[in-house]
>>> print(open('my_file.txt').read())   # compact mmCIF, C-alpha atoms and all ligand atoms
# COMPACT_ATOMS: atom_id res chain seq x y z
CA MET N 10 116.27 103.29 119.41
CA ASN N 11 118.58 104.63 116.75
CA ILE N 12 121.73 106.60 117.27
CA ARG N 13 119.71 109.71 118.27
CA GLY N 14 117.37 107.91 120.62
CA ARG N 15 114.41 107.72 118.25
CA LYS N 16 112.68 104.45 117.44
CA PRO N 17 112.77 103.91 113.67
CA ILE N 18 109.55 103.42 111.70
CA ILE N 19 109.24 101.41 108.55
CA ALA N 20 105.89 102.27 107.00
CA GLY N 21 104.55 100.59 103.88
CA ASN N 22 102.38 102.71 101.61
CA TRP N 23 100.35 100.25 99.60
CA LYS N 24 98.67 103.00 97.57
CA LEU N 25 95.92 101.56 95.34
CA ASN N 26 97.17 97.98 95.42
CA LYS N 27 96.05 94.61 96.76
CA LEU N 28 92.69 93.08 97.62
CA ALA N 29 91.59 92.11 101.13
CA ALA N 30 92.06 88.44 100.22
CA GLU N 31 95.77 89.09 99.62
CA VAL N 32 96.47 90.49 103.08
CA ALA N 33 96.65 87.23 105.07
CA PRO N 34 99.07 85.57 102.60
CA PHE N 35 101.18 88.75 102.67
CA ALA N 36 101.29 88.72 106.48
CA ALA N 37 102.18 85.02 106.58
CA GLU N 38 105.05 85.53 104.15
CA LEU N 39 106.24 88.62 106.00
CA ARG N 40 106.17 86.72 109.27
CA SER N 41 108.46 83.99 107.98
CA ALA N 42 110.86 86.56 106.47
CA LEU N 43 111.07 88.90 109.47
CA PRO N 44 114.08 88.94 111.78
CA ALA N 45 113.44 87.37 115.20
CA GLU N 46 113.93 90.68 116.96
CA ARG N 47 113.10 94.04 115.62
CA GLY N 48 113.62 97.42 117.17
CA CYS N 49 111.46 99.46 114.85
CA ASP N 50 107.78 100.18 114.48
CA VAL N 51 106.32 98.59 111.37
CA VAL N 52 103.21 100.08 109.82
CA ILE N 53 101.09 99.23 106.79
CA CYS N 54 99.14 102.14 105.30
CA ALA N 55 96.42 100.35 103.38
CA PRO N 56 93.43 101.41 101.25
CA PHE N 57 90.38 101.94 103.51
CA PRO N 58 88.54 98.67 102.73
CA LEU N 59 91.65 96.62 103.52
CA ILE N 60 92.08 98.09 107.00
CA PRO N 61 90.16 95.36 108.89
CA ALA N 62 92.22 92.66 107.12
CA VAL N 63 95.50 94.42 107.95
CA ARG N 64 94.40 94.78 111.54
CA GLU N 65 93.46 91.12 111.81
CA SER N 66 96.41 89.59 109.95
CA GLY N 67 98.90 92.08 111.35
CA ALA N 68 98.03 91.61 115.02
CA ALA N 69 100.34 88.62 115.57
CA LEU N 70 103.14 90.57 113.90
CA ASN N 71 102.49 93.70 115.92
CA LEU N 72 101.94 95.69 112.72
CA GLY N 73 100.69 99.23 113.12
CA VAL N 74 97.57 99.91 111.10
CA GLY N 75 97.74 102.97 108.89
CA ALA N 76 95.52 104.80 106.40
CA GLN N 77 96.58 106.87 103.40
CA ASP N 78 94.28 109.85 103.79
CA VAL N 79 91.66 111.34 106.10
CA SER N 80 89.06 114.08 105.86
CA GLU N 81 89.91 117.36 107.54
CA HIS N 82 86.24 117.49 108.59
CA GLU N 83 84.81 115.89 111.67
CA LYS N 84 81.38 115.09 110.21
CA GLY N 85 78.71 116.45 107.89
CA ALA N 86 77.83 116.68 104.22
CA TYR N 87 81.16 115.54 102.74
CA THR N 88 80.25 112.64 100.47
CA GLY N 89 83.02 110.12 100.08
CA GLU N 90 85.09 111.36 103.00
CA VAL N 91 86.31 109.35 106.00
CA SER N 92 86.88 111.03 109.36
CA ALA N 93 89.71 110.53 111.83
CA ALA N 94 87.25 109.26 114.47
CA GLN N 95 86.00 106.62 112.01
CA LEU N 96 89.57 105.55 111.28
CA PHE N 97 90.36 105.29 114.98
CA GLU N 98 87.32 103.09 115.50
CA PHE N 99 88.75 100.65 112.94
CA GLY N 100 92.10 100.44 114.74
CA VAL N 101 93.98 102.95 112.59
CA ARG N 102 96.83 104.55 114.56
CA TYR N 103 98.85 106.14 111.72
CA CYS N 104 97.75 108.08 108.67
CA ILE N 105 99.66 109.57 105.75
CA VAL N 106 98.78 113.18 104.97
CA GLY N 107 99.98 115.38 102.13
CA HIS N 108 101.36 112.59 99.99
CA SER N 109 102.52 114.12 96.70
CA GLU N 110 100.03 111.95 94.79
CA ARG N 111 97.19 113.51 96.80
CA ARG N 112 98.68 116.96 96.39
CA SER N 113 99.04 116.52 92.59
CA TYR N 114 95.96 114.47 91.69
CA HIS N 115 93.49 115.64 94.34
CA GLY N 116 94.47 119.26 94.90
CA GLU N 117 95.52 118.80 98.51
CA THR N 118 96.99 122.09 99.76
CA ASP N 119 99.42 122.80 102.59
CA PHE N 120 96.54 124.20 104.65
CA MET N 121 94.48 121.04 104.11
CA VAL N 122 97.47 119.00 105.21
CA ASN N 123 97.56 121.08 108.39
CA GLU N 124 93.83 120.60 109.04
CA LYS N 125 94.11 116.86 108.42
CA ALA N 126 97.09 116.56 110.79
CA LYS N 127 95.10 118.38 113.48
CA ALA N 128 92.07 116.12 112.95
CA LEU N 129 94.28 113.06 113.34
CA LEU N 130 96.02 114.36 116.46
CA ALA N 131 92.63 115.11 118.03
CA ASN N 132 91.79 111.42 117.56
CA ALA N 133 95.05 109.90 118.81
CA ILE N 134 96.27 108.96 115.31
CA THR N 135 99.88 109.71 114.34
CA PRO N 136 100.05 111.84 111.19
CA ILE N 137 102.79 110.92 108.72
CA ILE N 138 103.21 114.31 107.06
CA CYS N 139 104.76 114.14 103.60
CA VAL N 140 106.85 116.94 102.15
CA GLY N 141 109.17 117.08 99.17
CA GLU N 142 110.22 118.95 96.06
CA SER N 143 109.75 118.31 92.34
CA LEU N 144 112.74 117.83 90.07
CA GLU N 145 112.33 121.34 88.68
CA GLN N 146 112.24 122.86 92.16
CA ARG N 147 115.43 120.95 93.03
CA LEU N 148 117.19 122.02 89.83
CA ARG N 149 116.29 125.65 90.57
CA GLY N 150 117.79 125.40 94.06
CA LEU N 151 114.44 125.81 95.83
CA THR N 152 114.36 122.56 97.82
CA ARG N 153 115.18 123.98 101.24
CA GLU N 154 112.79 126.95 100.98
CA LEU N 155 109.97 124.79 99.70
CA VAL N 156 110.32 122.03 102.26
CA GLU N 157 110.68 124.54 105.10
CA TYR N 158 107.48 126.24 103.97
CA GLN N 159 105.64 122.89 103.73
CA ILE N 160 106.78 122.10 107.28
CA ALA N 161 105.79 125.54 108.62
CA ALA N 162 102.33 125.25 107.03
CA ALA N 163 101.75 121.64 108.09
CA PHE N 164 102.65 122.34 111.72
CA SER N 165 101.00 125.76 112.09
CA GLY N 166 98.86 125.93 115.21
CA ILE N 167 100.03 122.53 116.45
CA PRO N 168 101.50 122.80 119.97
CA ALA N 169 104.95 121.34 120.71
CA GLU N 170 103.76 118.30 122.66
CA ALA N 171 101.44 117.22 119.83
CA ALA N 172 104.10 118.01 117.22
CA ALA N 173 106.55 115.68 118.95
CA ALA N 174 104.12 112.82 118.28
CA CYS N 175 104.04 113.53 114.53
CA VAL N 176 106.13 111.80 111.89
CA VAL N 177 107.49 113.63 108.85
CA ALA N 178 108.31 111.86 105.59
CA TYR N 179 110.68 113.57 103.17
CA GLU N 180 109.71 112.29 99.74
CA PRO N 181 111.33 114.00 96.75
CA LEU N 182 108.78 113.73 93.94
CA TRP N 183 111.42 112.73 91.41
CA ALA N 184 112.31 109.69 93.53
CA ILE N 185 108.80 108.30 94.06
CA GLY N 186 108.15 105.17 92.04
CA THR N 187 110.95 106.03 89.63
CA GLY N 188 113.82 103.90 90.90
CA ASN N 189 115.82 107.17 91.24
CA THR N 190 116.51 107.11 94.95
CA ALA N 191 117.98 110.28 96.45
CA THR N 192 121.63 109.82 97.38
CA THR N 193 122.20 109.31 101.08
CA GLY N 194 123.78 112.79 101.11
CA GLN N 195 120.74 114.43 99.48
CA ALA N 196 118.30 112.60 101.74
CA GLN N 197 120.25 113.32 104.94
CA GLU N 198 120.69 116.99 104.00
CA VAL N 199 116.97 117.63 103.56
CA CYS N 200 116.00 115.54 106.61
CA ALA N 201 118.48 117.62 108.67
CA ASP N 202 116.97 120.83 107.19
CA ILE N 203 113.52 119.58 108.23
CA ARG N 204 114.75 119.03 111.78
CA SER N 205 116.34 122.49 111.89
CA ALA N 206 113.09 124.02 110.65
CA LEU N 207 111.20 122.17 113.39
CA ALA N 208 113.74 123.38 115.97
CA ARG N 209 113.11 126.98 114.86
CA ILE N 210 109.33 126.54 115.02
CA TYR N 211 109.44 124.74 118.38
CA ASP N 212 112.75 124.04 120.12
CA ALA N 213 115.68 121.68 119.72
CA GLU N 214 114.26 119.17 122.18
CA THR N 215 110.91 118.88 120.37
CA ALA N 216 112.67 118.65 116.99
CA ALA N 217 114.89 115.88 118.35
CA ARG N 218 111.80 113.83 119.25
CA ILE N 219 110.08 114.03 115.84
CA ARG N 220 110.80 111.08 113.61
CA VAL N 221 111.77 112.02 110.06
CA LEU N 222 111.50 109.31 107.40
CA TYR N 223 112.84 109.16 103.88
CA GLY N 224 110.62 107.90 101.06
CA GLY N 225 111.20 107.47 97.34
CA SER N 226 112.37 104.21 95.79
CA MET N 227 113.76 102.93 99.09
CA ASN N 228 114.43 99.23 98.64
CA ALA N 229 116.24 96.24 100.12
CA GLY N 230 119.48 97.33 98.44
CA ASN N 231 119.69 100.97 99.52
CA ALA N 232 117.83 100.92 102.86
CA CYS N 233 120.89 100.21 105.02
CA ASP N 234 122.82 103.28 103.86
CA LEU N 235 119.80 105.57 104.07
CA LEU N 236 118.79 104.34 107.52
CA ALA N 237 122.33 104.83 108.83
CA GLN N 238 122.04 108.59 108.33
CA PRO N 239 121.73 110.53 111.59
CA ASP N 240 118.52 112.38 110.67
CA ILE N 241 116.73 109.54 108.86
CA ASP N 242 114.56 107.64 111.33
CA GLY N 243 112.96 105.18 108.95
CA GLY N 244 111.27 104.90 105.61
CA LEU N 245 107.96 105.35 103.83
CA ILE N 246 108.04 102.55 101.31
CA GLY N 247 105.80 102.22 98.27
CA GLY N 248 106.67 99.56 95.70
CA ALA N 249 108.98 97.51 97.93
CA SER N 250 106.34 97.27 100.67
CA LEU N 251 104.14 95.16 98.38
CA LYS N 252 106.67 92.33 98.42
CA PRO N 253 107.02 90.68 101.85
CA ALA N 254 110.62 89.52 101.33
CA ASP N 255 111.79 93.00 100.28
CA PHE N 256 109.81 94.71 103.02
CA ALA N 257 111.32 92.35 105.61
CA LYS N 258 114.83 93.19 104.39
CA ILE N 259 114.14 96.89 104.83
CA ILE N 260 112.83 96.23 108.35
CA ALA N 261 115.99 94.24 109.11
CA ALA N 262 118.07 97.15 107.79
CA THR N 263 117.06 99.23 110.82
CA ALA N 264 119.14 96.89 113.01
CA PRO N 265 122.68 98.17 112.22
CA ALA N 266 121.75 101.74 113.16
CA GLN N 267 120.53 100.45 116.51
CA ARG N 268 123.58 98.28 117.01
CA ASP N 269 125.81 101.31 116.36
CA ALA N 270 123.86 103.24 118.95
CA HIS N 271 124.68 100.62 121.56
CA GLU N 272 128.39 100.54 120.81
P1 LIG W 301 108.07 104.26 96.24
O1 LIG W 301 106.90 105.14 96.88
O2 LIG W 301 108.80 103.59 97.38
O3 LIG W 301 107.38 103.29 95.32
O4 LIG W 301 108.98 105.20 95.51
C1 LIG W 301 107.08 105.84 98.07
C2 LIG W 301 105.84 106.64 98.39
O5 LIG W 301 105.23 107.19 97.47
O6 LIG W 301 105.43 106.74 99.56
>>> encode(input="my_file.txt", output="structure tokens")
Amino acid sequence: MNIRGRKPIIAGNWKLNKLAAEVAPFAAELRSALPAERGCDVVICAPFPLIPAVRESGAALNLGVGAQDVSEHEKGAYTGEVSAAQLFEFGVRYCIVGHSERRSYHGETDFMVNEKAKALLANAITPIICVGESLEQRLRGLTRELVEYQIAAAFSGIPAEAAAACVVAYEPLWAIGTGNTATTGQAQEVCADIRSALARIYDAETAARIRVLYGGSMNAGNACDLLAQPDIDGGLIGGASLKPADFAKIIAATAPAQRDAHE
């Protein structure tokens, strides 16, 4: 548990990278680089065809199996879509929804994000709901309003108990894949705003249970400072999750926050 009693999550977002044949070598390297004890959940969100390999190679490491998208539909004439029930059947227990790349390149709207989160919750899969502002929105001072709206839309119609099981990832668009990480102050401020918004929608107790991650150029060098922030309960990691040594360092960086909590 971290300082606020929430178990951190370090989730890798592999995006459109790797082949199934690369998963076992990745897991072997990660295993040798991982700290002996870890107090966080570790998840790999892989492309659909790699999910069986992640499940198989990750089992000994207790890796959570994640997907990067899901259909909002249960079944029917939706060519190319994958349902939450199908993901569950393959061992998927986490799924990213509303990633900015899906919002920008695939027209995913806030309402679709909401429907997808509901479909996942109905199938016992933890949604990792992504929110975040563009550089222009930040420069115009719209970050708080935008992120609060994204949160309100994503959680609409989701009851408190189900909401408490969700994970939110704050990912400023200008920080994703750019090497421009948000400062710890910027990241903490928005993650705290997200928690306040959740407290207004639900109540303080529910908001205190929801894990809020930071994502956007998190790496082995900056993870410690980010993860030490009181409202940052882990990370959604793109580029650095492809390299086992770097990913292991980020996982190890969750330890100081836990040690502080025990002092
Ligand atoms: P990045 O990606 O760590 O490569 O910036 C994060 C994400 O898009 O989830």
>>> atom_distance(input="my_file.txt", atom1="atom CA of N:Ile246", atom2="atom CA of N:Asn22")
5.7 Å
>>> closest_residue(input="my_file.txt", among="N:Asp255, N:Asp242, N:Glu110, N:Glu81", to="ligand LIG 301 (chain W)", atoms="only C-alpha atoms and all ligand atoms")
N:Glu110
>>> closest_residue(input="my_file.txt", among="N:Ala126, N:Val177, N:Leu207, N:Gly194", to="N:Leu245", atoms="all atoms listed in the file")
N:Val177
>>> residues_around(input="my_file.txt", residues="stretch 70-78 of chain N", least_positions_apart="4", cutoff="8 Å", atoms="all atoms listed in the file", output="list of chain:residue names")
N:Asn22, N:Lys24, N:Ala36, N:Arg40, N:Asp50, N:Val51, N:Val52, N:Ile53, N:Cys54, N:Ala55, N:Pro56, N:Phe57, N:Ile60, N:Val63, N:Arg64, N:Ser66, N:Leu96, N:Gly100, N:Val101, N:Arg102, N:Tyr103, N:Cys104, N:Ile105, N:Val106
>>> closest_atom_pairs(input="my_file.txt", of="chain N", to="ligand LIG 301 (chain W)", cutoff="10 Å", atoms="all atoms listed in the file", output="Markdown table")
| residue | atom | partner | partner_atom | distance |
| --- | --- | --- | --- | --- |
| N:Ala20 | CA | W:LIG301 | O6 | 8.7 |
| N:Gly21 | CA | W:LIG301 | O6 | 7.6 |
| N:Asn22 | CA | W:LIG301 | O6 | 5.5 |
| N:Trp23 | CA | W:LIG301 | O6 | 8.2 |
| N:Lys24 | CA | W:LIG301 | O5 | 7.8 |
| N:Cys54 | CA | W:LIG301 | O6 | 9.7 |
| N:Gln77 | CA | W:LIG301 | O6 | 9.6 |
| N:Ile105 | CA | W:LIG301 | O6 | 8.9 |
| N:His108 | CA | W:LIG301 | O5 | 7.1 |
| N:Ser109 | CA | W:LIG301 | O5 | 7.5 |
| N:Glu110 | CA | W:LIG301 | O5 | 7.5 |
| N:Cys139 | CA | W:LIG301 | O6 | 8.5 |
| N:Ala178 | CA | W:LIG301 | O6 | 8.4 |
| N:Tyr179 | CA | W:LIG301 | O6 | 9.3 |
| N:Glu180 | CA | W:LIG301 | C2 | 7.0 |
| N:Pro181 | CA | W:LIG301 | O5 | 9.2 |
| N:Leu182 | CA | W:LIG301 | O5 | 8.2 |
| N:Trp183 | CA | W:LIG301 | O4 | 8.9 |
| N:Ala184 | CA | W:LIG301 | O4 | 5.9 |
| N:Ile185 | CA | W:LIG301 | O4 | 3.4 |
| N:Gly186 | CA | W:LIG301 | O4 | 3.6 |
| N:Thr187 | CA | W:LIG301 | O4 | 6.3 |
| N:Gly188 | CA | W:LIG301 | O4 | 6.8 |
| N:Asn189 | CA | W:LIG301 | O4 | 8.3 |
| N:Thr190 | CA | W:LIG301 | O4 | 7.8 |
| N:Tyr223 | CA | W:LIG301 | C1 | 8.8 |
| N:Gly224 | CA | W:LIG301 | C1 | 5.1 |
| N:Gly225 | CA | W:LIG301 | O4 | 3.7 |
| N:Ser226 | CA | W:LIG301 | O4 | 3.5 |
| N:Met227 | CA | W:LIG301 | O2 | 5.3 |
| N:Asn228 | CA | W:LIG301 | O2 | 7.2 |
| N:Gly244 | CA | W:LIG301 | O6 | 8.6 |
| N:Leu245 | CA | W:LIG301 | O6 | 5.2 |
| N:Ile246 | CA | W:LIG301 | O2 | 4.1 |
| N:Gly247 | CA | W:LIG301 | O1 | 3.4 |
| N:Gly248 | CA | W:LIG301 | O3 | 3.8 |
| N:Ala249 | CA | W:LIG301 | O2 | 6.1 |
| N:Ser250 | CA | W:LIG301 | O2 | 7.5 |
| N:Leu251 | CA | W:LIG301 | O3 | 9.3 |
